[in-house]
Structures are given as structure tokens and as C-alpha cells.
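**Q** Got a file for you: protein16.pdb, PDB, C-alpha atoms.
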ATOM      1  CA  MET A   1       0.000   0.000   0.000  1.00  0.00           C
ATOM      2  CA  GLY A   2       1.509   3.323  -1.038  1.00  0.00           C
ATOM      3  CA  GLU A   3       0.963   5.953   1.631  1.00  0.00           C
ATOM      4  CA  HIS A   4       2.715   9.288   1.965  1.00  0.00           C
ATOM      5  CA  GLN A   5       1.938  12.732   3.226  1.00  0.00           C
ATOM      6  CA  PRO A   6       0.855  15.134   0.482  1.00  0.00           C
ATOM      7  CA  GLU A   7       3.443  17.842  -0.049  1.00  0.00           C
ATOM      8  CA  SER A   8       0.919  20.643  -0.432  1.00  0.00           C
ATOM      9  CA  PHE A   9      -2.793  21.268  -0.216  1.00  0.00           C
ATOM     10  CA  ARG A  10      -4.635  23.232  -2.895  1.00  0.00           C
ATOM     11  CA  SER A  11      -7.355  24.041  -0.391  1.00  0.00           C
ATOM     12  CA  GLN A  12      -4.934  25.950   1.826  1.00  0.00           C
ATOM     13  CA  GLU A  13      -4.312  28.399  -0.985  1.00  0.00           C
ATOM     14  CA  SER A  14      -7.912  28.717  -2.106  1.00  0.00           C
ATOM     15  CA  GLY A  15      -9.345  29.164   1.371  1.00  0.00           C
ATOM     16  CA  ASP A  16     -11.550  26.091   0.978  1.00  0.00           C
ATOM     17  CA  ASP A  17     -11.762  24.210   4.276  1.00  0.00           C
ATOM     18  CA  ASP A  18     -12.441  20.831   2.655  1.00  0.00           C
ATOM     19  CA  LEU A  19      -9.889  18.506   1.170  1.00  0.00           C
ATOM     20  CA  LEU A  20     -10.746  17.465  -2.371  1.00  0.00           C
ATOM     21  CA  ILE A  21     -10.188  13.744  -2.772  1.00  0.00           C
ATOM     22  CA  GLY A  22      -9.738  12.309  -6.253  1.00  0.00           C
ATOM     23  CA  ILE A  23     -10.518   8.637  -6.812  1.00  0.00           C
ATOM     24  CA  VAL A  24      -8.979   6.758  -9.733  1.00  0.00           C
ATOM     25  CA  GLY A  25      -8.623   3.140 -10.780  1.00  0.00           C
ATOM     26  CA  PRO A  26      -9.647   0.589 -13.372  1.00  0.00           C
ATOM     27  CA  CYS A  27     -13.258  -0.284 -14.072  1.00  0.00           C
ATOM     28  CA  SER A  28     -14.929  -2.304 -11.292  1.00  0.00           C
ATOM     29  CA  ALA A  29     -12.341  -1.369  -8.656  1.00  0.00           C
ATOM     30  CA  GLY A  30     -15.041   0.185  -6.439  1.00  0.00           C
ATOM     31  CA  LYS A  31     -14.599   3.897  -7.167  1.00  0.00           C
ATOM     32  CA  THR A  32     -18.288   4.861  -7.144  1.00  0.00           C
ATOM     33  CA  THR A  33     -18.987   2.945  -3.936  1.00  0.00           C
ATOM     34  CA  LEU A  34     -15.993   4.510  -2.182  1.00  0.00           C
ATOM     35  CA  ILE A  35     -16.999   8.007  -3.296  1.00  0.00           C
ATOM     36  CA  GLN A  36     -20.501   7.496  -1.927  1.00  0.00           C
ATOM     37  CA  GLY A  37     -19.081   6.286   1.390  1.00  0.00           C
ATOM     38  CA  LEU A  38     -16.581   9.141   1.695  1.00  0.00           C
ATOM     39  CA  ASN A  39     -19.216  11.737   0.831  1.00  0.00           C
ATOM     40  CA  ALA A  40     -21.539  10.212   3.447  1.00  0.00           C
ATOM     41  CA  HIS A  41     -18.746  10.712   6.010  1.00  0.00           C
ATOM     42  CA  GLY A  42     -18.425  14.391   5.116  1.00  0.00           C
ATOM     43  CA  PHE A  43     -15.473  14.211   2.732  1.00  0.00           C
ATOM     44  CA  LYS A  44     -15.538  15.808  -0.706  1.00  0.00           C
ATOM     45  CA  ALA A  45     -14.624  12.977  -3.108  1.00  0.00           C
ATOM     46  CA  ARG A  46     -14.750  12.932  -6.902  1.00  0.00           C
ATOM     47  CA  HIS A  47     -14.250  10.283  -9.559  1.00  0.00           C
ATOM     48  CA  ILE A  48     -11.584  11.136 -12.097  1.00  0.00           C
ATOM     49  CA  ALA A  49     -12.056   9.011 -15.241  1.00  0.00           C
ATOM     50  CA  GLN A  50      -8.313   8.655 -15.814  1.00  0.00           C
ATOM     51  CA  GLU A  51      -8.737   5.084 -17.058  1.00  0.00           C
ATOM     52  CA  HIS A  52     -10.504   6.441 -20.154  1.00  0.00           C
ATOM     53  CA  SER A  53      -8.066   9.248 -20.956  1.00  0.00           C
ATOM     54  CA  PHE A  54      -4.999   9.270 -23.177  1.00  0.00           C
ATOM     55  CA  VAL A  55      -3.708  12.318 -21.234  1.00  0.00           C
ATOM     56  CA  ALA A  56      -1.455  10.869 -18.511  1.00  0.00           C
ATOM     57  CA  GLU A  57      -1.911  13.766 -16.084  1.00  0.00           C
ATOM     58  CA  MET A  58      -5.646  14.282 -16.646  1.00  0.00           C
ATOM     59  CA  TRP A  59      -6.243  13.391 -12.989  1.00  0.00           C
ATOM     60  CA  GLN A  60      -4.277  16.550 -12.067  1.00  0.00           C
ATOM     61  CA  LEU A  61      -5.783  18.792 -14.723  1.00  0.00           C
ATOM     62  CA  ALA A  62      -9.421  17.774 -14.294  1.00  0.00           C
ATOM     63  CA  SER A  63     -10.009  18.539 -10.645  1.00  0.00           C
ATOM     64  CA  HIS A  64      -6.722  19.382  -8.876  1.00  0.00           C
ATOM     65  CA  PRO A  65      -7.290  16.961  -5.971  1.00  0.00           C
ATOM     66  CA  ASP A  66      -5.546  17.501  -2.642  1.00  0.00           C
ATOM     67  CA  ILE A  67      -5.433  13.741  -2.106  1.00  0.00           C
ATOM     68  CA  LEU A  68      -5.398  11.014  -4.738  1.00  0.00           C
ATOM     69  CA  ILE A  69      -6.650   7.530  -3.876  1.00  0.00           C
ATOM     70  CA  PHE A  70      -5.932   4.752  -6.344  1.00  0.00           C
ATOM     71  CA  LEU A  71      -8.169   1.692  -6.175  1.00  0.00           C
ATOM     72  CA  ASP A  72      -6.746  -1.337  -7.909  1.00  0.00           C
ATOM     73  CA  VAL A  73      -8.367  -4.581  -8.982  1.00  0.00           C
ATOM     74  CA  SER A  74      -7.180  -7.567 -11.018  1.00  0.00           C
ATOM     75  CA  PHE A  75      -8.695  -8.403 -14.384  1.00  0.00           C
ATOM     76  CA  LYS A  76     -10.172 -11.636 -12.982  1.00  0.00           C
ATOM     77  CA  VAL A  77     -11.897  -9.936 -10.039  1.00  0.00           C
ATOM     78  CA  SER A  78     -13.075  -7.007 -12.172  1.00  0.00           C
ATOM     79  CA  GLN A  79     -14.801  -9.490 -14.485  1.00  0.00           C
ATOM     80  CA  GLN A  80     -16.417 -11.236 -11.509  1.00  0.00           C
ATOM     81  CA  ARG A  81     -17.739  -7.941 -10.172  1.00  0.00           C
ATOM     82  CA  ARG A  82     -19.008  -6.625 -13.471  1.00  0.00           C
ATOM     83  CA  PRO A  83     -18.591  -8.760 -16.585  1.00  0.00           C
ATOM     84  CA  LEU A  84     -17.565  -6.484 -19.429  1.00  0.00           C
ATOM     85  CA  ASP A  85     -17.199  -7.408 -23.070  1.00  0.00           C
ATOM     86  CA  TRP A  86     -13.460  -6.877 -23.186  1.00  0.00           C
ATOM     87  CA  GLN A  87     -10.183  -8.712 -23.262  1.00  0.00           C
ATOM     88  CA  MET A  88      -7.085  -8.722 -21.074  1.00  0.00           C
ATOM     89  CA  SER A  89      -5.496  -6.316 -23.577  1.00  0.00           C
ATOM     90  CA  ASP A  90      -8.259  -3.771 -22.828  1.00  0.00           C
ATOM     91  CA  PHE A  91      -7.576  -4.080 -19.100  1.00  0.00           C
ATOM     92  CA  GLU A  92      -3.838  -3.707 -19.693  1.00  0.00           C
ATOM     93  CA  GLU A  93      -4.513  -0.515 -21.663  1.00  0.00           C
ATOM     94  CA  GLU A  94      -6.507   0.863 -18.726  1.00  0.00           C
ATOM     95  CA  GLN A  95      -3.599   0.032 -16.437  1.00  0.00           C
ATOM     96  CA  ARG A  96      -1.203   1.813 -18.798  1.00  0.00           C
ATOM     97  CA  ARG A  97      -3.403   4.920 -18.803  1.00  0.00           C
ATOM     98  CA  LEU A  98      -3.447   4.845 -15.007  1.00  0.00           C
ATOM     99  CA  THR A  99       0.355   4.617 -14.584  1.00  0.00           C
ATOM    100  CA  HIS A 100       0.930   8.322 -13.892  1.00  0.00           C
ATOM    101  CA  ALA A 101      -1.911   8.484 -11.373  1.00  0.00           C
ATOM    102  CA  ARG A 102      -0.649   5.345  -9.613  1.00  0.00           C
ATOM    103  CA  GLN A 103       2.842   6.846  -9.360  1.00  0.00           C
ATOM    104  CA  HIS A 104       1.443   9.985  -7.715  1.00  0.00           C
ATOM    105  CA  ALA A 105      -1.253   8.399  -5.541  1.00  0.00           C
ATOM    106  CA  ASP A 106      -1.282   9.221  -1.846  1.00  0.00           C
ATOM    107  CA  LEU A 107      -2.988   5.920  -1.067  1.00  0.00           C
ATOM    108  CA  ILE A 108      -3.169   2.731  -3.141  1.00  0.00           C
ATOM    109  CA  ILE A 109      -5.638   0.027  -2.168  1.00  0.00           C
ATOM    110  CA  ASP A 110      -5.804  -3.380  -3.842  1.00  0.00           C
ATOM    111  CA  THR A 111      -9.522  -4.146  -3.595  1.00  0.00           C
ATOM    112  CA  ASP A 112      -9.377  -7.774  -4.798  1.00  0.00           C
ATOM    113  CA  HIS A 113      -9.803  -9.365  -1.363  1.00  0.00           C
ATOM    114  CA  LEU A 114     -11.527  -6.515   0.472  1.00  0.00           C
ATOM    115  CA  SER A 115     -15.192  -5.800   1.041  1.00  0.00           C
ATOM    116  CA  THR A 116     -16.521  -2.361   0.159  1.00  0.00           C
ATOM    117  CA  GLY A 117     -16.664  -1.642   3.887  1.00  0.00           C
ATOM    118  CA  GLU A 118     -12.991  -2.553   4.320  1.00  0.00           C
ATOM    119  CA  VAL A 119     -11.988  -0.289   1.426  1.00  0.00           C
ATOM    120  CA  LEU A 120     -13.935   2.550   3.028  1.00  0.00           C
ATOM    121  CA  GLU A 121     -12.383   1.852   6.454  1.00  0.00           C
ATOM    122  CA  ARG A 122      -8.836   1.955   5.053  1.00  0.00           C
ATOM    123  CA  SER A 123      -9.580   5.145   3.167  1.00  0.00           C
ATOM    124  CA  LEU A 124     -11.164   6.826   6.189  1.00  0.00           C
ATOM    125  CA  ALA A 125      -8.277   5.861   8.482  1.00  0.00           C
ATOM    126  CA  PHE A 126      -5.805   7.432   6.052  1.00  0.00           C
ATOM    127  CA  LEU A 127      -7.935  10.531   5.445  1.00  0.00           C
ATOM    128  CA  ILE A 128      -8.537  11.175   9.129  1.00  0.00           C
ATOM    129  CA  LYS A 129      -4.760  11.303   9.677  1.00  0.00           C
ATOM    130  CA  ILE A 130      -4.334  13.622   6.676  1.00  0.00           C
ATOM    131  CA  ASP A 131      -7.269  15.795   7.729  1.00  0.00           C
ATOM    132  CA  GLN A 132      -5.733  16.304  11.185  1.00  0.00           C
ATOM    133  CA  VAL A 133      -2.465  17.456   9.577  1.00  0.00           C
ATOM    134  CA  PHE A 134      -4.429  19.652   7.181  1.00  0.00           C
ATOM    135  CA  LYS A 135      -6.386  21.342   9.968  1.00  0.00           C
ATOM    136  CA  LYS A 136      -3.234  21.848  12.038  1.00  0.00           C
ATOM    137  CA  ASN A 137      -1.535  23.479   9.048  1.00  0.00           C
ATOM    138  CA  ARG A 138      -4.602  25.686   8.437  1.00  0.00           C
ATOM    139  CA  LYS A 139      -4.391  26.969  12.031  1.00  0.00           C
ATOM    140  CA  GLU A 140      -0.690  27.724  11.667  1.00  0.00           C
ATOM    141  CA  ILE A 141      -1.277  29.593   8.395  1.00  0.00           C
ATOM    142  CA  GLY A 142      -4.486  31.315   9.515  1.00  0.00           C
TER     143      GLY A 142
END
Starting from the file, lay out its structure as C-alpha cells.

**A**
Amino acid sequence: MGEHQPESFRSQESGDDDLLIGIVGPCSAGKTTLIQGLNAHGFKARHIAQEHSFVAEMWQLASHPDILIFLDVSFKVSQQRRPLDWQMSDFEEEQRRLTHARQHADLIIDTDHLSTGEVLERSLAFLIKIDQVFKKNRKEIG
């Protein structure tokens, strides 16, 4: 799991008190479900359709997230979750398009053997730590 502290927060500069969380990953990784869960817990989370873009840094350009969460899933499990009419080569192309986002992700979660609740729990645990740092930094700046 790739975890690191974000170097800077866009929200600090804009005056927005909420972290913007971008969610990326291949089809059927659980992005929509995670976004719904994070939003229900008061976080501002958005799907970034990086897996469909030829622009490697679209995840940065589209919404300028403060935090980037990468949800991963294997081809086999993605097909079990939602059978799509595609081949392994299509999945590999999605993975290629996601390379830049994966390299810059603040948190990477392999969802193959996790329930949706476990993915949400891992995300929340990470975000609560980040949010505490964020709020502390806001007080020091403010």
C-alpha cells in the first residue's frame, strides 16, 4: 500500500476548508462505492475518469485533488464484479493509462480481497490522519 503525506494542499491556498479527494482506478475497482461512502462521512470525493483518458496527467488537470486515492483490482476480479465485453489487452490498456496516477497516488488500495466496507475503512483511516495534519496546518497559516 503506497501511503505518503501530500506535499501541499490546494485548499490551503484557495481558502476552501475541505480537502478534495480524487478517486482513480480501473473499471470495477469500487470507485463509485468509495466516493458514496466518503461523501456520506463528510469528505468531498470525486471520480476522475483517468482510465478512459490518453492524457497521462488528466487526474491533475481535471479537478486538482488535494489527495489522490488509487483503487486497484485484477482483471479476474473485475470481471467477476461486473462482466464487461473486453479482453485482457483492454484491461492492460486501462492500467497503462493509469500509470501516472498510480505513481502519484497518496494511497493505493488493492480491492481484490476486500469488502466495500474494508476499502472505506482503510480510506477513512488514512484521510482522518491527513485531515488532522491539514487542519493543524490551516491553524498555523491562519

**Q** For the provided coordinates, the residues matched by the PyMOL selection byres ((chain A and resi 78) around 10) should be stated as number ranges by chain.

**A** A: 26-30, 72-77, 79-84, 91, 111-112

**Q** Quick one: of A:Ile67, A:Leu124, A:Met88, A:Leu114, who's nearest to Gly42 in chain A, counting only C-alpha atoms?

**A**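 So, comparing all the options, the nearest one is A:Leu124.
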
**Q** Please report the interatomic distance between CA of Phe43 in chain A and CA of Ile128 in chain A in Å with one decimal.

**A**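 Answer for the CA of Phe43 in chain A to CA of Ile128 in chain A separation: 9.9 Å.
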
**Q** What is the CA of Asp106 in chain A-CA of Ile69 in chain A distance in Å, reported with one decimal?

**A**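 Taking CA of Asp106 in chain A and CA of Ile69 in chain A, their separation equals 6.0 Å.
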
**Q** Using only C-alpha atoms, which residues sit within 9 Å of Leu20 in chain A once same-chain residues fewer than 5 positions away are excluded, as a PyMOL selection string?

**A** chain A and resi 10-11+43-46+63-68

**Q** Using Å and a single decimal, report how far CA of Ala49 in chain A sits from CA of Gln132 in chain A.

**A**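 Between CA of Gln132 in chain A and CA of Ala49 in chain A the gap works out to 28.1 Å.
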
**Q** With 4 Å of padding per side, what axis-aligned box (centre and edge lengths, Å, one decimal) covers all the listed atoms of range 105-110 of chain A? Give it as JSON.

**A**
{"center_x": -3.5, "center_y": 2.9, "center_z": -3.3, "size_x": 12.6, "size_y": 20.6, "size_z": 12.5}

**Q** Carefully work through the PyMOL selection byres ((chain A and resi 34) around 12) for this structure and note down the residues it includes, as a PyMOL selection string.

**A** chain A and resi 21-25+28-33+35-41+43-47+69-71+109+111+115-124

**Q** Store the residues picked out above, limited to C-alpha atoms, as a PDB file, keeping the file's coordinate frame.

**A**
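Printed below is part-v6.pdb as written:
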ATOM      1  CA  ILE A  21     -10.188  13.744  -2.772  1.00  0.00           C
ATOM      2  CA  GLY A  22      -9.738  12.309  -6.253  1.00  0.00           C
ATOM      3  CA  ILE A  23     -10.518   8.637  -6.812  1.00  0.00           C
ATOM      4  CA  VAL A  24      -8.979   6.758  -9.733  1.00  0.00           C
ATOM      5  CA  GLY A  25      -8.623   3.140 -10.780  1.00  0.00           C
ATOM      6  CA  SER A  28     -14.929  -2.304 -11.292  1.00  0.00           C
ATOM      7  CA  ALA A  29     -12.341  -1.369  -8.656  1.00  0.00           C
ATOM      8  CA  GLY A  30     -15.041   0.185  -6.439  1.00  0.00           C
ATOM      9  CA  LYS A  31     -14.599   3.897  -7.167  1.00  0.00           C
ATOM     10  CA  THR A  32     -18.288   4.861  -7.144  1.00  0.00           C
ATOM     11  CA  THR A  33     -18.987   2.945  -3.936  1.00  0.00           C
ATOM     12  CA  ILE A  35     -16.999   8.007  -3.296  1.00  0.00           C
ATOM     13  CA  GLN A  36     -20.501   7.496  -1.927  1.00  0.00           C
ATOM     14  CA  GLY A  37     -19.081   6.286   1.390  1.00  0.00           C
ATOM     15  CA  LEU A  38     -16.581   9.141   1.695  1.00  0.00           C
ATOM     16  CA  ASN A  39     -19.216  11.737   0.831  1.00  0.00           C
ATOM     17  CA  ALA A  40     -21.539  10.212   3.447  1.00  0.00           C
ATOM     18  CA  HIS A  41     -18.746  10.712   6.010  1.00  0.00           C
ATOM     19  CA  PHE A  43     -15.473  14.211   2.732  1.00  0.00           C
ATOM     20  CA  LYS A  44     -15.538  15.808  -0.706  1.00  0.00           C
ATOM     21  CA  ALA A  45     -14.624  12.977  -3.108  1.00  0.00           C
ATOM     22  CA  ARG A  46     -14.750  12.932  -6.902  1.00  0.00           C
ATOM     23  CA  HIS A  47     -14.250  10.283  -9.559  1.00  0.00           C
ATOM     24  CA  ILE A  69      -6.650   7.530  -3.876  1.00  0.00           C
ATOM     25  CA  PHE A  70      -5.932   4.752  -6.344  1.00  0.00           C
ATOM     26  CA  LEU A  71      -8.169   1.692  -6.175  1.00  0.00           C
ATOM     27  CA  ILE A 109      -5.638   0.027  -2.168  1.00  0.00           C
ATOM     28  CA  THR A 111      -9.522  -4.146  -3.595  1.00  0.00           C
ATOM     29  CA  SER A 115     -15.192  -5.800   1.041  1.00  0.00           C
ATOM     30  CA  THR A 116     -16.521  -2.361   0.159  1.00  0.00           C
ATOM     31  CA  GLY A 117     -16.664  -1.642   3.887  1.00  0.00           C
ATOM     32  CA  GLU A 118     -12.991  -2.553   4.320  1.00  0.00           C
ATOM     33  CA  VAL A 119     -11.988  -0.289   1.426  1.00  0.00           C
ATOM     34  CA  LEU A 120     -13.935   2.550   3.028  1.00  0.00           C
ATOM     35  CA  GLU A 121     -12.383   1.852   6.454  1.00  0.00           C
ATOM     36  CA  ARG A 122      -8.836   1.955   5.053  1.00  0.00           C
ATOM     37  CA  SER A 123      -9.580   5.145   3.167  1.00  0.00           C
ATOM     38  CA  LEU A 124     -11.164   6.826   6.189  1.00  0.00           C
TER      39      LEU A 124
END

**Q** Go through A:Phe126, A:Arg96, A:Asp18, A:Ser89 and flag the residue nearest Ile108 in chain A, using all atoms listed in the file for the distances.

**A**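 So, comparing all the options, the nearest one is A:Phe126.
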
**Q** Could you pull out every residue with an atom within 9 Å of (-4.6, 1.6, -17.2), file coordinates, counting only C-alpha atoms, and send them as a PyMOL selection string?

**A** chain A and resi 25-26+50-52+90-99
